[in-house]
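Asks: Let me give you the structure first, and then I'll get to my questions.
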Amino acid sequence: MRRLLSLLMFCAVPAAADVPRVATDIAPIHGLVSRVMEGVGTPTLVVPAGASPHDHAMRPSEGRGLGQADLVVWVGHGLTPWLEGPIDSLSGSAQVIELMDVPGAKLLEMREGGVFEGHDHGHDHGHGHEGKEATDPHLWLDPVNAQLWLGVIAQELGTLDAENADTYQSNARAGVAEIEAASVQIADALAPLKDRRFVVLHDGFHYFEARFGIEATAAVSASDADAPGAARVSDLREHLREAGIDCAFSEPQMDARLLATVTEGLSVKSGVIDPLGADIPLGAGHYTALLMSISASLQDCLTP
């Protein structure tokens, strides 16, 4: 009797293995997948939010997450080229969503030089890694891209897990609405600051800037993996002296001393913008909290 009771209890519990195991590259993408999977399951994260995605050294536990995944969701080769090999070798049987390849995603070209002139505000998604080399890989910071991806993630999860397909779709729709509400709030908050001038430590915020019409005038580094040369630093210091810069922003994943070198002796306010949300809890609310955090950082430093 005891054995029969145990068997009946076991059969009454849904099998956890039925829920797809999902690995994600960075915290904002983890947040989007978490929103879609809310109430069903939880994805794993490969790159901690406090680390630079460009050169993170993957730990064994993070590799196990890839090896066990039924689905991998990552920004793509342009952001983490080092991750392409582990995905191929560890997640060979998994489905893979490379978000840079999603049709309809807004992609921006990398801006050239330390001081920005006029730049195109984007193009349709490219084809092949050749085109991605010149593409700014920080495209999660455009909330319209994130809204598009929620639907794509829900569709793929529903294919892998038909029993929960309606929940994934419902969660995705709710996530789209939440991002839309946050975007309206951010646009209203930043509208009075569009004439303020600022520089960033690395050119990682162009998608957010272009979406909300509040663009940086310069970046100390083109990438958080590259240190600026002497000529670039000299040009930037001249720009800061002549352009009347209101604020210079560092970020937690980079050495702020680079920014201090450029602003030394100049009267420029300083702030911090985090493109990954290192201090924001992981989970379904991470992405919208990240957008609001970036907006708040801009407001704090740029408001006269």
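Note on naming: chains are A, B, ... as they come in the structure tokens, residues start from 1 per chain, ligands start from 1 in the order shown.
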Running DSSP on the backbone, which parts of stretch 28-271 of chain A land in helix (DSSP H, G or I), as a PyMOL selection string?
Replies: chain A and resi 28-37+60-67+81-90+99-101+128-132+139-141+143-160+162-193+206-212+230-243+257-263
Asks: Write the residues of the preceding selection, restricted to C-alpha atoms, as a compact mmCIF listing (two decimals), in the first residue's frame.
Replies:
```txt
# COMPACT_ATOMS: atom_id res chain seq x y z
CA PRO A 28 19.12 41.64 -20.23
CA ILE A 29 18.44 38.65 -22.51
CA HIS A 30 18.05 36.45 -19.43
CA GLY A 31 15.45 38.98 -18.27
CA LEU A 32 13.49 38.79 -21.53
CA VAL A 33 13.50 34.98 -21.51
CA SER A 34 12.55 34.99 -17.82
CA ARG A 35 9.56 37.20 -18.66
CA VAL A 36 8.37 34.73 -21.29
CA MET A 37 8.97 31.72 -19.01
CA PRO A 60 32.59 25.28 -15.83
CA SER A 61 29.17 25.89 -14.26
CA GLU A 62 28.28 28.26 -17.09
CA GLY A 63 29.48 25.71 -19.63
CA ARG A 64 27.21 23.10 -18.05
CA GLY A 65 24.26 25.41 -18.59
CA LEU A 66 25.05 25.46 -22.29
CA GLY A 67 25.59 21.70 -22.42
CA PRO A 81 32.42 35.92 -30.73
CA TRP A 82 34.15 33.68 -28.18
CA LEU A 83 30.78 32.08 -27.35
CA GLU A 84 30.16 30.74 -30.84
CA GLY A 85 32.53 27.78 -30.38
CA PRO A 86 31.08 26.66 -27.02
CA ILE A 87 27.54 26.89 -28.37
CA ASP A 88 28.49 24.66 -31.31
CA SER A 89 30.43 22.17 -29.21
CA LEU A 90 28.37 22.07 -26.01
CA LEU A 99 18.96 37.74 -31.90
CA MET A 100 21.04 39.77 -34.35
CA ASP A 101 19.60 37.54 -37.08
CA GLY A 128 26.31 36.64 -42.41
CA HIS A 129 29.07 37.53 -40.01
CA GLU A 130 30.78 39.78 -42.56
CA GLY A 131 28.05 42.38 -42.15
CA LYS A 132 27.98 41.97 -38.38
CA LEU A 139 20.99 46.10 -29.85
CA TRP A 140 19.16 44.95 -26.70
CA LEU A 141 19.17 48.62 -25.62
CA PRO A 143 13.27 48.49 -26.51
CA VAL A 144 11.56 47.93 -29.87
CA ASN A 145 14.05 45.14 -30.56
CA ALA A 146 13.28 43.64 -27.17
CA GLN A 147 9.56 43.69 -27.89
CA LEU A 148 10.16 41.89 -31.19
CA TRP A 149 12.34 39.27 -29.51
CA LEU A 150 9.75 38.46 -26.85
CA GLY A 151 7.44 37.13 -29.55
CA VAL A 152 10.22 35.13 -31.20
CA ILE A 153 11.27 33.57 -27.89
CA ALA A 154 7.67 32.69 -27.03
CA GLN A 155 7.16 31.09 -30.43
CA GLU A 156 10.27 28.91 -30.11
CA LEU A 157 9.46 27.89 -26.54
CA GLY A 158 5.92 27.01 -27.60
CA THR A 159 7.32 24.77 -30.32
CA LEU A 160 9.49 22.96 -27.77
CA ALA A 162 3.32 22.88 -26.64
CA GLU A 163 1.64 22.32 -23.28
CA ASN A 164 2.76 25.77 -22.07
CA ALA A 165 2.61 27.56 -25.43
CA ASP A 166 -0.35 29.75 -24.41
CA THR A 167 1.43 30.82 -21.23
CA TYR A 168 4.55 31.78 -23.17
CA GLN A 169 2.50 33.85 -25.61
CA SER A 170 0.53 35.52 -22.82
CA ASN A 171 3.71 36.35 -20.93
CA ALA A 172 5.30 37.77 -24.08
CA ARG A 173 2.31 40.04 -24.71
CA ALA A 174 2.46 41.27 -21.11
CA GLY A 175 6.19 41.90 -21.48
CA VAL A 176 5.63 43.92 -24.66
CA ALA A 177 3.07 46.08 -22.82
CA GLU A 178 5.44 46.61 -19.89
CA ILE A 179 8.26 47.71 -22.18
CA GLU A 180 5.91 50.04 -24.03
CA ALA A 181 4.78 51.67 -20.79
CA ALA A 182 8.40 52.11 -19.66
CA SER A 183 9.36 53.57 -23.06
CA VAL A 184 6.60 56.18 -22.88
CA GLN A 185 7.71 57.16 -19.39
CA ILE A 186 11.36 57.38 -20.46
CA ALA A 187 10.57 59.45 -23.55
CA ASP A 188 8.66 61.96 -21.43
CA ALA A 189 11.45 62.15 -18.85
CA LEU A 190 14.27 62.62 -21.37
CA ALA A 191 12.49 65.01 -23.75
CA PRO A 192 13.62 68.17 -21.85
CA LEU A 193 17.26 66.96 -21.90
CA HIS A 206 23.72 54.15 -29.35
CA TYR A 207 20.53 52.07 -29.61
CA PHE A 208 19.07 53.66 -26.49
CA GLU A 209 20.24 57.11 -27.58
CA ALA A 210 18.77 56.81 -31.07
CA ARG A 211 15.45 55.43 -29.82
CA PHE A 212 14.93 58.29 -27.37
CA ALA A 230 46.91 58.84 -27.55
CA ALA A 231 45.46 60.62 -30.61
CA ARG A 232 41.90 59.68 -29.66
CA VAL A 233 42.43 60.88 -26.07
CA SER A 234 43.85 64.18 -27.36
CA ASP A 235 40.87 64.68 -29.69
CA LEU A 236 38.44 63.92 -26.90
CA ARG A 237 40.03 66.37 -24.49
CA GLU A 238 39.85 69.09 -27.11
CA HIS A 239 36.20 68.19 -27.75
CA LEU A 240 35.37 68.39 -24.05
CA ARG A 241 37.03 71.79 -23.75
CA GLU A 242 35.30 73.27 -26.80
CA ALA A 243 31.88 71.63 -26.86
CA ARG A 257 40.37 55.58 -14.95
CA LEU A 258 40.17 55.84 -18.75
CA LEU A 259 37.43 58.43 -18.38
CA ALA A 260 39.34 60.21 -15.62
CA THR A 261 42.32 60.56 -17.97
CA VAL A 262 40.17 62.28 -20.58
CA THR A 263 38.38 64.60 -18.14
```
Asks: Just list the residues in stretch 115-294 of chain A DSSP gives strand (DSSP E) on the backbone, as a count of residues only.
Replies: 17
Asks: Contacts of stretch 44-51 of chain A at 9 Å or less, counting only C-alpha atoms, minus same-chain residues fewer than 3 places along, as a PDB file with all heavy atoms, in the first residue's frame?
Replies:
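See out_36.pdb below for the written result:
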```pdb
ATOM      1  N   ARG A  21      14.985  23.573 -21.119  1.00  0.00           N
ATOM      2  CA  ARG A  21      16.112  24.188 -20.419  1.00  0.00           C
ATOM      3  C   ARG A  21      16.724  25.214 -21.359  1.00  0.00           C
ATOM      4  O   ARG A  21      17.126  24.882 -22.474  1.00  0.00           O
ATOM      5  CB  ARG A  21      17.125  23.125 -20.002  1.00  0.00           C
ATOM      6  CG  ARG A  21      16.600  22.170 -18.937  1.00  0.00           C
ATOM      7  CD  ARG A  21      17.446  20.932 -18.793  1.00  0.00           C
ATOM      8  NE  ARG A  21      17.410  20.117 -20.011  1.00  0.00           N
ATOM      9  CZ  ARG A  21      17.948  18.920 -20.126  1.00  0.00           C
ATOM     10  NH1 ARG A  21      18.561  18.375 -19.101  1.00  0.00           N
ATOM     11  NH2 ARG A  21      17.885  18.264 -21.266  1.00  0.00           N
ATOM     12  N   VAL A  22      16.796  26.461 -20.886  1.00  0.00           N
ATOM     13  CA  VAL A  22      17.209  27.566 -21.749  1.00  0.00           C
ATOM     14  C   VAL A  22      18.458  28.227 -21.178  1.00  0.00           C
ATOM     15  O   VAL A  22      18.514  28.540 -19.982  1.00  0.00           O
ATOM     16  CB  VAL A  22      16.094  28.621 -21.887  1.00  0.00           C
ATOM     17  CG1 VAL A  22      16.496  29.705 -22.894  1.00  0.00           C
ATOM     18  CG2 VAL A  22      14.777  27.968 -22.306  1.00  0.00           C
ATOM     19  N   ALA A  23      19.458  28.433 -22.028  1.00  0.00           N
ATOM     20  CA  ALA A  23      20.671  29.164 -21.654  1.00  0.00           C
ATOM     21  C   ALA A  23      20.671  30.502 -22.374  1.00  0.00           C
ATOM     22  O   ALA A  23      20.333  30.582 -23.560  1.00  0.00           O
ATOM     23  CB  ALA A  23      21.914  28.362 -22.020  1.00  0.00           C
ATOM     24  N   THR A  24      21.051  31.546 -21.664  1.00  0.00           N
ATOM     25  CA  THR A  24      21.109  32.898 -22.239  1.00  0.00           C
ATOM     26  C   THR A  24      22.494  33.489 -22.019  1.00  0.00           C
ATOM     27  O   THR A  24      23.203  33.094 -21.088  1.00  0.00           O
ATOM     28  CB  THR A  24      20.060  33.814 -21.576  1.00  0.00           C
ATOM     29  OG1 THR A  24      20.330  33.906 -20.160  1.00  0.00           O
ATOM     30  CG2 THR A  24      18.655  33.264 -21.770  1.00  0.00           C
ATOM     31  N   ASP A  25      22.861  34.442 -22.872  1.00  0.00           N
ATOM     32  CA  ASP A  25      24.219  34.980 -22.775  1.00  0.00           C
ATOM     33  C   ASP A  25      24.367  36.065 -21.717  1.00  0.00           C
ATOM     34  O   ASP A  25      25.186  35.966 -20.821  1.00  0.00           O
ATOM     35  CB  ASP A  25      24.705  35.463 -24.151  1.00  0.00           C
ATOM     36  CG  ASP A  25      23.783  36.484 -24.799  1.00  0.00           C
ATOM     37  OD1 ASP A  25      22.657  36.714 -24.288  1.00  0.00           O
ATOM     38  OD2 ASP A  25      24.182  37.062 -25.835  1.00  0.00           O
ATOM     39  N   ILE A  26      23.584  37.137 -21.783  1.00  0.00           N
ATOM     40  CA  ILE A  26      23.760  38.275 -20.881  1.00  0.00           C
ATOM     41  C   ILE A  26      22.484  38.540 -20.094  1.00  0.00           C
ATOM     42  O   ILE A  26      21.399  38.083 -20.456  1.00  0.00           O
ATOM     43  CB  ILE A  26      24.176  39.553 -21.656  1.00  0.00           C
ATOM     44  CG1 ILE A  26      23.124  39.913 -22.702  1.00  0.00           C
ATOM     45  CG2 ILE A  26      25.555  39.375 -22.287  1.00  0.00           C
ATOM     46  CD1 ILE A  26      23.386  41.240 -23.406  1.00  0.00           C
ATOM     47  N   ALA A  27      22.615  39.306 -19.018  1.00  0.00           N
ATOM     48  CA  ALA A  27      21.503  39.506 -18.091  1.00  0.00           C
ATOM     49  C   ALA A  27      20.255  40.106 -18.745  1.00  0.00           C
ATOM     50  O   ALA A  27      19.141  39.664 -18.437  1.00  0.00           O
ATOM     51  CB  ALA A  27      21.959  40.369 -16.916  1.00  0.00           C
ATOM     52  N   PRO A  28      20.356  41.113 -19.625  1.00  0.00           N
ATOM     53  CA  PRO A  28      19.123  41.638 -20.234  1.00  0.00           C
ATOM     54  C   PRO A  28      18.369  40.591 -21.048  1.00  0.00           C
ATOM     55  O   PRO A  28      17.124  40.578 -21.043  1.00  0.00           O
ATOM     56  CB  PRO A  28      19.635  42.781 -21.118  1.00  0.00           C
ATOM     57  CG  PRO A  28      20.913  43.216 -20.481  1.00  0.00           C
ATOM     58  CD  PRO A  28      21.526  41.950 -19.976  1.00  0.00           C
ATOM     59  N   ILE A  29      19.100  39.712 -21.743  1.00  0.00           N
ATOM     60  CA  ILE A  29      18.439  38.653 -22.506  1.00  0.00           C
ATOM     61  C   ILE A  29      17.865  37.604 -21.555  1.00  0.00           C
ATOM     62  O   ILE A  29      16.769  37.085 -21.769  1.00  0.00           O
ATOM     63  CB  ILE A  29      19.425  38.007 -23.504  1.00  0.00           C
ATOM     64  CG1 ILE A  29      20.072  39.089 -24.390  1.00  0.00           C
ATOM     65  CG2 ILE A  29      18.707  36.970 -24.356  1.00  0.00           C
ATOM     66  CD1 ILE A  29      19.091  40.023 -25.075  1.00  0.00           C
ATOM     67  N   HIS A  30      18.577  37.314 -20.489  1.00  0.00           N
ATOM     68  CA  HIS A  30      18.051  36.449 -19.431  1.00  0.00           C
ATOM     69  C   HIS A  30      16.733  37.018 -18.906  1.00  0.00           C
ATOM     70  O   HIS A  30      15.772  36.275 -18.658  1.00  0.00           O
ATOM     71  CB  HIS A  30      19.079  36.327 -18.307  1.00  0.00           C
ATOM     72  CG  HIS A  30      18.671  35.439 -17.169  1.00  0.00           C
ATOM     73  ND1 HIS A  30      17.846  35.868 -16.151  1.00  0.00           N
ATOM     74  CD2 HIS A  30      18.971  34.147 -16.883  1.00  0.00           C
ATOM     75  CE1 HIS A  30      17.664  34.888 -15.286  1.00  0.00           C
ATOM     76  NE2 HIS A  30      18.328  33.832 -15.700  1.00  0.00           N
ATOM     77  N   HIS A  54      32.339  40.920 -23.808  1.00  0.00           N
ATOM     78  CA  HIS A  54      33.280  40.847 -24.924  1.00  0.00           C
ATOM     79  C   HIS A  54      34.427  39.880 -24.663  1.00  0.00           C
ATOM     80  O   HIS A  54      34.967  39.290 -25.594  1.00  0.00           O
ATOM     81  CB  HIS A  54      33.833  42.239 -25.251  1.00  0.00           C
ATOM     82  CG  HIS A  54      32.787  43.200 -25.736  1.00  0.00           C
ATOM     83  ND1 HIS A  54      32.278  43.175 -27.009  1.00  0.00           N
ATOM     84  CD2 HIS A  54      32.153  44.216 -25.106  1.00  0.00           C
ATOM     85  CE1 HIS A  54      31.377  44.131 -27.149  1.00  0.00           C
ATOM     86  NE2 HIS A  54      31.285  44.776 -26.002  1.00  0.00           N
ATOM     87  N   ASP A  55      34.814  39.708 -23.396  1.00  0.00           N
ATOM     88  CA  ASP A  55      35.988  38.879 -23.127  1.00  0.00           C
ATOM     89  C   ASP A  55      35.831  38.039 -21.860  1.00  0.00           C
ATOM     90  O   ASP A  55      36.807  37.715 -21.195  1.00  0.00           O
ATOM     91  CB  ASP A  55      37.247  39.755 -23.019  1.00  0.00           C
ATOM     92  CG  ASP A  55      37.130  40.842 -21.951  1.00  0.00           C
ATOM     93  OD1 ASP A  55      36.095  40.871 -21.236  1.00  0.00           O
ATOM     94  OD2 ASP A  55      38.053  41.659 -21.831  1.00  0.00           O
ATOM     95  N   HIS A  56      34.606  37.673 -21.526  1.00  0.00           N
ATOM     96  CA  HIS A  56      34.377  36.880 -20.321  1.00  0.00           C
ATOM     97  C   HIS A  56      34.987  35.487 -20.462  1.00  0.00           C
ATOM     98  O   HIS A  56      34.860  34.843 -21.505  1.00  0.00           O
ATOM     99  CB  HIS A  56      32.874  36.765 -20.061  1.00  0.00           C
ATOM    100  CG  HIS A  56      32.519  35.892 -18.904  1.00  0.00           C
ATOM    101  ND1 HIS A  56      32.913  36.164 -17.608  1.00  0.00           N
ATOM    102  CD2 HIS A  56      31.812  34.724 -18.838  1.00  0.00           C
ATOM    103  CE1 HIS A  56      32.461  35.230 -16.806  1.00  0.00           C
ATOM    104  NE2 HIS A  56      31.801  34.341 -17.519  1.00  0.00           N
ATOM    105  N   ALA A  57      35.650  35.006 -19.416  1.00  0.00           N
ATOM    106  CA  ALA A  57      36.187  33.645 -19.388  1.00  0.00           C
ATOM    107  C   ALA A  57      35.134  32.740 -18.756  1.00  0.00           C
ATOM    108  O   ALA A  57      34.887  32.795 -17.545  1.00  0.00           O
ATOM    109  CB  ALA A  57      37.487  33.600 -18.591  1.00  0.00           C
ATOM    110  N   MET A  58      34.516  31.908 -19.571  1.00  0.00           N
ATOM    111  CA  MET A  58      33.398  31.093 -19.114  1.00  0.00           C
ATOM    112  C   MET A  58      33.839  30.074 -18.076  1.00  0.00           C
ATOM    113  O   MET A  58      34.831  29.370 -18.259  1.00  0.00           O
ATOM    114  CB  MET A  58      32.753  30.391 -20.307  1.00  0.00           C
ATOM    115  CG  MET A  58      31.434  29.704 -19.986  1.00  0.00           C
ATOM    116  SD  MET A  58      30.561  29.166 -21.465  1.00  0.00           S
ATOM    117  CE  MET A  58      31.749  27.982 -22.125  1.00  0.00           C
ATOM    118  N   ARG A  59      33.094  29.964 -16.980  1.00  0.00           N
ATOM    119  CA  ARG A  59      33.383  29.015 -15.913  1.00  0.00           C
ATOM    120  C   ARG A  59      32.710  27.678 -16.211  1.00  0.00           C
ATOM    121  O   ARG A  59      31.770  27.605 -17.005  1.00  0.00           O
ATOM    122  CB  ARG A  59      32.893  29.583 -14.581  1.00  0.00           C
ATOM    123  CG  ARG A  59      33.615  30.850 -14.156  1.00  0.00           C
ATOM    124  CD  ARG A  59      33.030  31.436 -12.895  1.00  0.00           C
ATOM    125  NE  ARG A  59      31.659  31.909 -13.092  1.00  0.00           N
ATOM    126  CZ  ARG A  59      30.989  32.648 -12.205  1.00  0.00           C
ATOM    127  NH1 ARG A  59      31.569  32.984 -11.066  1.00  0.00           N
ATOM    128  NH2 ARG A  59      29.758  33.037 -12.450  1.00  0.00           N
ATOM    129  N   SER A  61      30.610  25.913 -14.550  1.00  0.00           N
ATOM    130  CA  SER A  61      29.170  25.886 -14.263  1.00  0.00           C
ATOM    131  C   SER A  61      28.379  26.549 -15.387  1.00  0.00           C
ATOM    132  O   SER A  61      27.260  26.108 -15.717  1.00  0.00           O
ATOM    133  CB  SER A  61      28.885  26.606 -12.941  1.00  0.00           C
ATOM    134  OG  SER A  61      29.328  27.956 -12.992  1.00  0.00           O
ATOM    135  N   GLU A  62      28.950  27.586 -15.975  1.00  0.00           N
ATOM    136  CA  GLU A  62      28.284  28.260 -17.089  1.00  0.00           C
ATOM    137  C   GLU A  62      28.301  27.384 -18.340  1.00  0.00           C
ATOM    138  O   GLU A  62      27.343  27.365 -19.120  1.00  0.00           O
ATOM    139  CB  GLU A  62      28.962  29.607 -17.339  1.00  0.00           C
ATOM    140  CG  GLU A  62      28.807  30.565 -16.162  1.00  0.00           C
ATOM    141  CD  GLU A  62      29.881  31.636 -16.091  1.00  0.00           C
ATOM    142  OE1 GLU A  62      30.815  31.623 -16.919  1.00  0.00           O
ATOM    143  OE2 GLU A  62      29.791  32.495 -15.195  1.00  0.00           O
ATOM    144  N   GLY A  63      29.398  26.643 -18.517  1.00  0.00           N
ATOM    145  CA  GLY A  63      29.480  25.712 -19.630  1.00  0.00           C
ATOM    146  C   GLY A  63      28.462  24.590 -19.495  1.00  0.00           C
ATOM    147  O   GLY A  63      27.883  24.141 -20.495  1.00  0.00           O
ATOM    148  N   GLY A  65      25.554  24.856 -18.188  1.00  0.00           N
ATOM    149  CA  GLY A  65      24.264  25.410 -18.594  1.00  0.00           C
ATOM    150  C   GLY A  65      24.064  25.326 -20.092  1.00  0.00           C
ATOM    151  O   GLY A  65      22.966  25.000 -20.569  1.00  0.00           O
ATOM    152  N   LEU A  66      25.127  25.590 -20.836  1.00  0.00           N
ATOM    153  CA  LEU A  66      25.051  25.456 -22.293  1.00  0.00           C
ATOM    154  C   LEU A  66      24.884  23.996 -22.703  1.00  0.00           C
ATOM    155  O   LEU A  66      24.090  23.665 -23.591  1.00  0.00           O
ATOM    156  CB  LEU A  66      26.316  26.025 -22.945  1.00  0.00           C
ATOM    157  CG  LEU A  66      26.435  27.536 -23.098  1.00  0.00           C
ATOM    158  CD1 LEU A  66      27.788  27.891 -23.706  1.00  0.00           C
ATOM    159  CD2 LEU A  66      25.314  28.096 -23.965  1.00  0.00           C
ATOM    160  N   ALA A  69      21.314  22.682 -22.325  1.00  0.00           N
ATOM    161  CA  ALA A  69      20.239  23.504 -22.877  1.00  0.00           C
ATOM    162  C   ALA A  69      19.497  22.823 -24.028  1.00  0.00           C
ATOM    163  O   ALA A  69      20.107  22.145 -24.862  1.00  0.00           O
ATOM    164  CB  ALA A  69      20.806  24.843 -23.351  1.00  0.00           C
ATOM    165  N   PRO A 252      30.032  50.191 -14.946  1.00  0.00           N
ATOM    166  CA  PRO A 252      30.624  49.278 -13.958  1.00  0.00           C
ATOM    167  C   PRO A 252      31.550  48.227 -14.549  1.00  0.00           C
ATOM    168  O   PRO A 252      32.455  47.749 -13.855  1.00  0.00           O
ATOM    169  CB  PRO A 252      29.396  48.607 -13.328  1.00  0.00           C
ATOM    170  CG  PRO A 252      28.262  49.521 -13.600  1.00  0.00           C
ATOM    171  CD  PRO A 252      28.564  50.164 -14.914  1.00  0.00           C
ATOM    172  N   GLN A 253      31.351  47.829 -15.810  1.00  0.00           N
ATOM    173  CA  GLN A 253      32.131  46.757 -16.406  1.00  0.00           C
ATOM    174  C   GLN A 253      33.491  47.231 -16.935  1.00  0.00           C
ATOM    175  O   GLN A 253      34.269  46.411 -17.429  1.00  0.00           O
ATOM    176  CB  GLN A 253      31.345  46.099 -17.551  1.00  0.00           C
ATOM    177  CG  GLN A 253      30.098  45.348 -17.127  1.00  0.00           C
ATOM    178  CD  GLN A 253      28.905  46.258 -16.903  1.00  0.00           C
ATOM    179  OE1 GLN A 253      28.905  47.409 -17.326  1.00  0.00           O
ATOM    180  NE2 GLN A 253      27.891  45.752 -16.229  1.00  0.00           N
ATOM    181  N   MET A 254      33.785  48.528 -16.838  1.00  0.00           N
ATOM    182  CA  MET A 254      35.032  49.063 -17.394  1.00  0.00           C
ATOM    183  C   MET A 254      35.803  49.866 -16.355  1.00  0.00           C
ATOM    184  O   MET A 254      35.234  50.342 -15.374  1.00  0.00           O
ATOM    185  CB  MET A 254      34.732  49.947 -18.614  1.00  0.00           C
ATOM    186  CG  MET A 254      34.186  49.214 -19.826  1.00  0.00           C
ATOM    187  SD  MET A 254      34.007  50.312 -21.258  1.00  0.00           S
ATOM    188  CE  MET A 254      35.745  50.696 -21.616  1.00  0.00           C
ATOM    189  N   LEU A 276      24.180  46.559 -18.668  1.00  0.00           N
ATOM    190  CA  LEU A 276      23.818  45.175 -18.361  1.00  0.00           C
ATOM    191  C   LEU A 276      22.982  45.022 -17.095  1.00  0.00           C
ATOM    192  O   LEU A 276      22.404  43.970 -16.861  1.00  0.00           O
ATOM    193  CB  LEU A 276      25.084  44.321 -18.236  1.00  0.00           C
ATOM    194  CG  LEU A 276      25.932  44.192 -19.497  1.00  0.00           C
ATOM    195  CD1 LEU A 276      27.233  43.478 -19.197  1.00  0.00           C
ATOM    196  CD2 LEU A 276      25.166  43.457 -20.591  1.00  0.00           C
ATOM    197  N   GLY A 277      22.937  46.051 -16.275  1.00  0.00           N
ATOM    198  CA  GLY A 277      22.144  45.972 -15.052  1.00  0.00           C
ATOM    199  C   GLY A 277      22.757  45.087 -13.990  1.00  0.00           C
ATOM    200  O   GLY A 277      22.091  44.212 -13.432  1.00  0.00           O
ATOM    201  N   ALA A 278      24.029  45.330 -13.669  1.00  0.00           N
ATOM    202  CA  ALA A 278      24.732  44.482 -12.703  1.00  0.00           C
ATOM    203  C   ALA A 278      24.079  44.491 -11.329  1.00  0.00           C
ATOM    204  O   ALA A 278      24.124  43.491 -10.609  1.00  0.00           O
ATOM    205  CB  ALA A 278      26.190  44.926 -12.596  1.00  0.00           C
ATOM    206  N   ASP A 279      23.471  45.613 -10.934  1.00  0.00           N
ATOM    207  CA  ASP A 279      22.857  45.724  -9.614  1.00  0.00           C
ATOM    208  C   ASP A 279      21.356  45.448  -9.628  1.00  0.00           C
ATOM    209  O   ASP A 279      20.690  45.588  -8.603  1.00  0.00           O
ATOM    210  CB  ASP A 279      23.108  47.124  -9.034  1.00  0.00           C
ATOM    211  CG  ASP A 279      24.580  47.366  -8.723  1.00  0.00           C
ATOM    212  OD1 ASP A 279      25.285  46.386  -8.426  1.00  0.00           O
ATOM    213  OD2 ASP A 279      25.018  48.533  -8.783  1.00  0.00           O
ATOM    214  N   ILE A 280      20.826  45.070 -10.777  1.00  0.00           N
ATOM    215  CA  ILE A 280      19.396  44.796 -10.891  1.00  0.00           C
ATOM    216  C   ILE A 280      19.177  43.292 -10.754  1.00  0.00           C
ATOM    217  O   ILE A 280      19.837  42.504 -11.433  1.00  0.00           O
ATOM    218  CB  ILE A 280      18.854  45.286 -12.242  1.00  0.00           C
ATOM    219  CG1 ILE A 280      19.056  46.801 -12.373  1.00  0.00           C
ATOM    220  CG2 ILE A 280      17.374  44.934 -12.403  1.00  0.00           C
ATOM    221  CD1 ILE A 280      18.732  47.340 -13.750  1.00  0.00           C
TER     222      ILE A 280
END
```
Asks: Skip A:Lys194 itself and residues of its chain fewer than 6 positions away, then list as a list of chain:residue names all residues within 8 Å of it, counting only C-alpha atoms.
Replies: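 Listed by chain and then number, they are A:Gly213, A:Ile214, A:Glu215.
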Asks: Between A:Ala219, A:Val272, A:Ala94, A:Leu71, which one has atoms that come closest to A:Leu201, using only C-alpha atoms?
Replies: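 Using only C-alpha atoms, A:Leu201 sits closest to A:Ala219.
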